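Student: What follows is the file data.pdb, containing PDB, C-alpha atoms, pLDDT in the B column:
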ATOM      1  CA  MET A   1       0.000   0.000   0.000  1.00 56.00           C
ATOM      2  CA  LEU A   2       1.449   3.367  -0.962  1.00 73.00           C
ATOM      3  CA  PHE A   3       1.758   6.153   1.590  1.00 85.00           C
ATOM      4  CA  LYS A   4       3.565   9.424   1.019  1.00 84.00           C
ATOM      5  CA  GLN A   5       6.849   9.438   2.902  1.00 85.00           C
ATOM      6  CA  ALA A   6       5.688  12.396   5.004  1.00 87.00           C
ATOM      7  CA  PHE A   7       3.122  10.068   6.630  1.00 89.00           C
ATOM      8  CA  HIS A   8       5.576   7.260   7.495  1.00 89.00           C
ATOM      9  CA  PRO A   9       6.696   8.527  10.937  1.00 88.00           C
ATOM     10  CA  ALA A  10       3.103   9.047  12.100  1.00 91.00           C
ATOM     11  CA  ILE A  11       2.105   5.587  10.879  1.00 89.00           C
ATOM     12  CA  ILE A  12       5.069   4.037  12.660  1.00 88.00           C
ATOM     13  CA  ASP A  13       4.423   5.865  15.958  1.00 91.00           C
ATOM     14  CA  GLY A  14       0.705   5.047  15.822  1.00 91.00           C
ATOM     15  CA  SER A  15      -0.562   8.600  15.330  1.00 94.00           C
ATOM     16  CA  ILE A  16      -2.168   7.635  12.005  1.00 94.00           C
ATOM     17  CA  THR A  17      -4.656   4.821  12.540  1.00 94.00           C
ATOM     18  CA  LEU A  18      -6.968   5.282   9.572  1.00 96.00           C
ATOM     19  CA  THR A  19      -6.640   5.917   5.860  1.00 95.00           C
ATOM     20  CA  PHE A  20      -8.977   6.743   3.012  1.00 95.00           C
ATOM     21  CA  ARG A  21      -8.510   5.778  -0.631  1.00 92.00           C
ATOM     22  CA  ARG A  22     -10.414   6.126  -3.896  1.00 90.00           C
ATOM     23  CA  TRP A  23     -10.149   2.819  -5.701  1.00 88.00           C
ATOM     24  CA  LYS A  24     -12.035   1.316  -8.617  1.00 86.00           C
ATOM     25  CA  ARG A  25     -11.637  -1.991  -6.782  1.00 87.00           C
ATOM     26  CA  ARG A  26     -10.257  -2.873  -3.386  1.00 86.00           C
ATOM     27  CA  GLN A  27      -6.481  -3.061  -3.299  1.00 88.00           C
ATOM     28  CA  VAL A  28      -6.145  -4.591   0.180  1.00 90.00           C
ATOM     29  CA  LYS A  29      -8.076  -7.030   2.331  1.00 93.00           C
ATOM     30  CA  ALA A  30      -8.924  -7.077   6.009  1.00 95.00           C
ATOM     31  CA  GLY A  31      -6.395  -9.150   7.920  1.00 94.00           C
ATOM     32  CA  GLY A  32      -3.689  -8.526   5.338  1.00 93.00           C
ATOM     33  CA  SER A  33      -0.229  -7.310   6.302  1.00 91.00           C
ATOM     34  CA  TYR A  34       1.398  -4.753   4.021  1.00 88.00           C
ATOM     35  CA  ARG A  35       4.883  -3.241   3.889  1.00 85.00           C
ATOM     36  CA  PHE A  36       5.434   0.423   3.132  1.00 84.00           C
ATOM     37  CA  GLY A  37       8.495   2.557   2.542  1.00 79.00           C
ATOM     38  CA  SER A  38      11.987   1.302   3.272  1.00 78.00           C
ATOM     39  CA  GLY A  39      14.746   1.722   5.811  1.00 72.00           C
ATOM     40  CA  SER A  40      14.033   4.049   8.717  1.00 69.00           C
ATOM     41  CA  THR A  41      10.944   5.460   6.986  1.00 70.00           C
ATOM     42  CA  GLY A  42       9.341   2.102   6.308  1.00 77.00           C
ATOM     43  CA  GLY A  43       7.428  -0.506   8.173  1.00 83.00           C
ATOM     44  CA  ALA A  44       4.493  -2.839   7.989  1.00 86.00           C
ATOM     45  CA  LEU A  45       0.876  -2.494   8.945  1.00 88.00           C
ATOM     46  CA  GLU A  46      -2.049  -4.817   9.341  1.00 92.00           C
ATOM     47  CA  VAL A  47      -5.402  -3.899   7.857  1.00 93.00           C
ATOM     48  CA  SER A  48      -8.181  -4.530  10.363  1.00 94.00           C
ATOM     49  CA  ALA A  49     -11.097  -3.473   8.127  1.00 95.00           C
ATOM     50  CA  VAL A  50     -11.902  -2.258   4.631  1.00 94.00           C
ATOM     51  CA  ASP A  51     -15.162  -0.348   4.342  1.00 94.00           C
ATOM     52  CA  VAL A  52     -16.792   1.647   1.567  1.00 92.00           C
ATOM     53  CA  VAL A  53     -17.760   5.080   2.891  1.00 94.00           C
ATOM     54  CA  SER A  54     -19.327   8.152   1.369  1.00 93.00           C
ATOM     55  CA  PRO A  55     -17.102  11.233   1.531  1.00 94.00           C
ATOM     56  CA  ASP A  56     -20.100  13.045   3.036  1.00 94.00           C
ATOM     57  CA  THR A  57     -19.846  10.870   6.155  1.00 96.00           C
ATOM     58  CA  ILE A  58     -16.151  11.506   6.897  1.00 97.00           C
ATOM     59  CA  THR A  59     -15.681  13.598  10.049  1.00 98.00           C
ATOM     60  CA  ASP A  60     -12.920  16.004  11.078  1.00 98.00           C
ATOM     61  CA  ALA A  61     -11.910  13.524  13.792  1.00 98.00           C
ATOM     62  CA  GLU A  62     -11.523  10.734  11.217  1.00 98.00           C
ATOM     63  CA  ALA A  63      -9.512  13.028   8.956  1.00 98.00           C
ATOM     64  CA  ARG A  64      -7.159  13.779  11.874  1.00 97.00           C
ATOM     65  CA  ARG A  65      -6.762  10.018  12.526  1.00 97.00           C
ATOM     66  CA  ALA A  66      -5.670   9.810   8.860  1.00 97.00           C
ATOM     67  CA  GLY A  67      -3.028  12.528   9.328  1.00 96.00           C
ATOM     68  CA  PHE A  68      -4.890  15.574   8.023  1.00 97.00           C
ATOM     69  CA  ASP A  69      -5.820  18.819   9.769  1.00 97.00           C
ATOM     70  CA  ASP A  70      -9.498  18.416   8.964  1.00 98.00           C
ATOM     71  CA  ARG A  71     -12.047  16.838   6.610  1.00 97.00           C
ATOM     72  CA  ALA A  72     -11.602  19.560   3.967  1.00 97.00           C
ATOM     73  CA  ALA A  73      -7.836  18.897   3.741  1.00 97.00           C
ATOM     74  CA  LEU A  74      -8.438  15.153   3.356  1.00 97.00           C
ATOM     75  CA  LEU A  75     -11.088  15.614   0.666  1.00 96.00           C
ATOM     76  CA  ASP A  76      -8.793  17.995  -1.198  1.00 96.00           C
ATOM     77  CA  VAL A  77      -6.155  15.256  -1.413  1.00 93.00           C
ATOM     78  CA  LEU A  78      -8.682  12.539  -2.325  1.00 92.00           C
ATOM     79  CA  GLY A  79     -10.001  14.643  -5.175  1.00 87.00           C
ATOM     80  CA  PRO A  80     -13.362  14.196  -6.858  1.00 82.00           C
ATOM     81  CA  ALA A  81     -14.935  10.780  -7.353  1.00 75.00           C
ATOM     82  CA  GLY A  82     -14.196   9.099 -10.632  1.00 59.00           C
ATOM     83  CA  THR A  83     -10.614  10.331 -10.986  1.00 51.00           C
TER      84      THR A  83
END
Starting from the coordinates I provided, produce the structure as structure tokens.
Tutor:
Amino acid sequence: MLFKQAFHPAIIDGSITLTFRRWKRRQVKAGGSYRFGSGSTGGALEVSAVDVVSPDTITDAEARRAGFDDRAALLDVLGPAGT
């Protein structure tokens, strides 16, 4: 699973506990273990759940758990549906 390098330290220290993706089809499965990065900026994570959610239901608190300041910042990075 790809994460921008800027997010690696927060994933490793447990500050980021949630992520959002726009996929045409699921790229990971619940229970799977996935490596990211390399060296001191890499690690592995286990996916506990994969859920389809509407962007309208994402909260500021969830966006912060994903490493963003707020919902608007997260949605800006996700971009519009269908891209």
Student: Taking the file as shown, what set of residues would the PyMOL selection byres ((chain A and resi 71) around 9) give back, as a PyMOL selection string?
Tutor: chain A and resi 58-64+68-70+72-76
Student: Would you work out the distance separating CA of Gly14 (chain A) from CA of Arg65 (chain A), expressed in Å to one decimal?
Tutor: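 Computed distance, CA of Gly14 (chain A) to CA of Arg65 (chain A), equals 9.6 Å.
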Student: Apply the PyMOL selection byres ((chain A and resi 51) around 10) to the structure shown and report the selected residues as number ranges by chain.
Tutor: A: 20, 26, 29-30, 49-50, 52-54
Student: Calculated over only C-alpha atoms, which of the candidates A:Ala66, A:Gly43, A:Ser33, A:Arg25 has the smallest distance to Ile12 (chain A)?
Tutor: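 Among the listed residues, the smallest separation from Ile12 (chain A) belongs to A:Gly43.
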Student: Could you jot down the CA of Gly32 (chain A) to CA of Pro80 (chain A) separation for me, Å, one decimal place?
Tutor: 27.5 Å
Student: With all atoms listed in the file as the counted atoms, please give the residues lying no more than 12 Å from His8 (chain A), apart from itself and same-chain residues fewer than 3 positions off, as a list in words.
Tutor: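 Near His8 (chain A), the qualifying residues are Met1, Leu2, Phe3, Lys4, Gln5, Ile11, Ile12, Asp13, Gly14, Ser15, Ile16, Thr17, Arg35, Phe36, Gly37, Ser38, Gly39, Ser40, Thr41, Gly42, Gly43, Ala44, Leu45, Ala66 and Gly67 of chain A.
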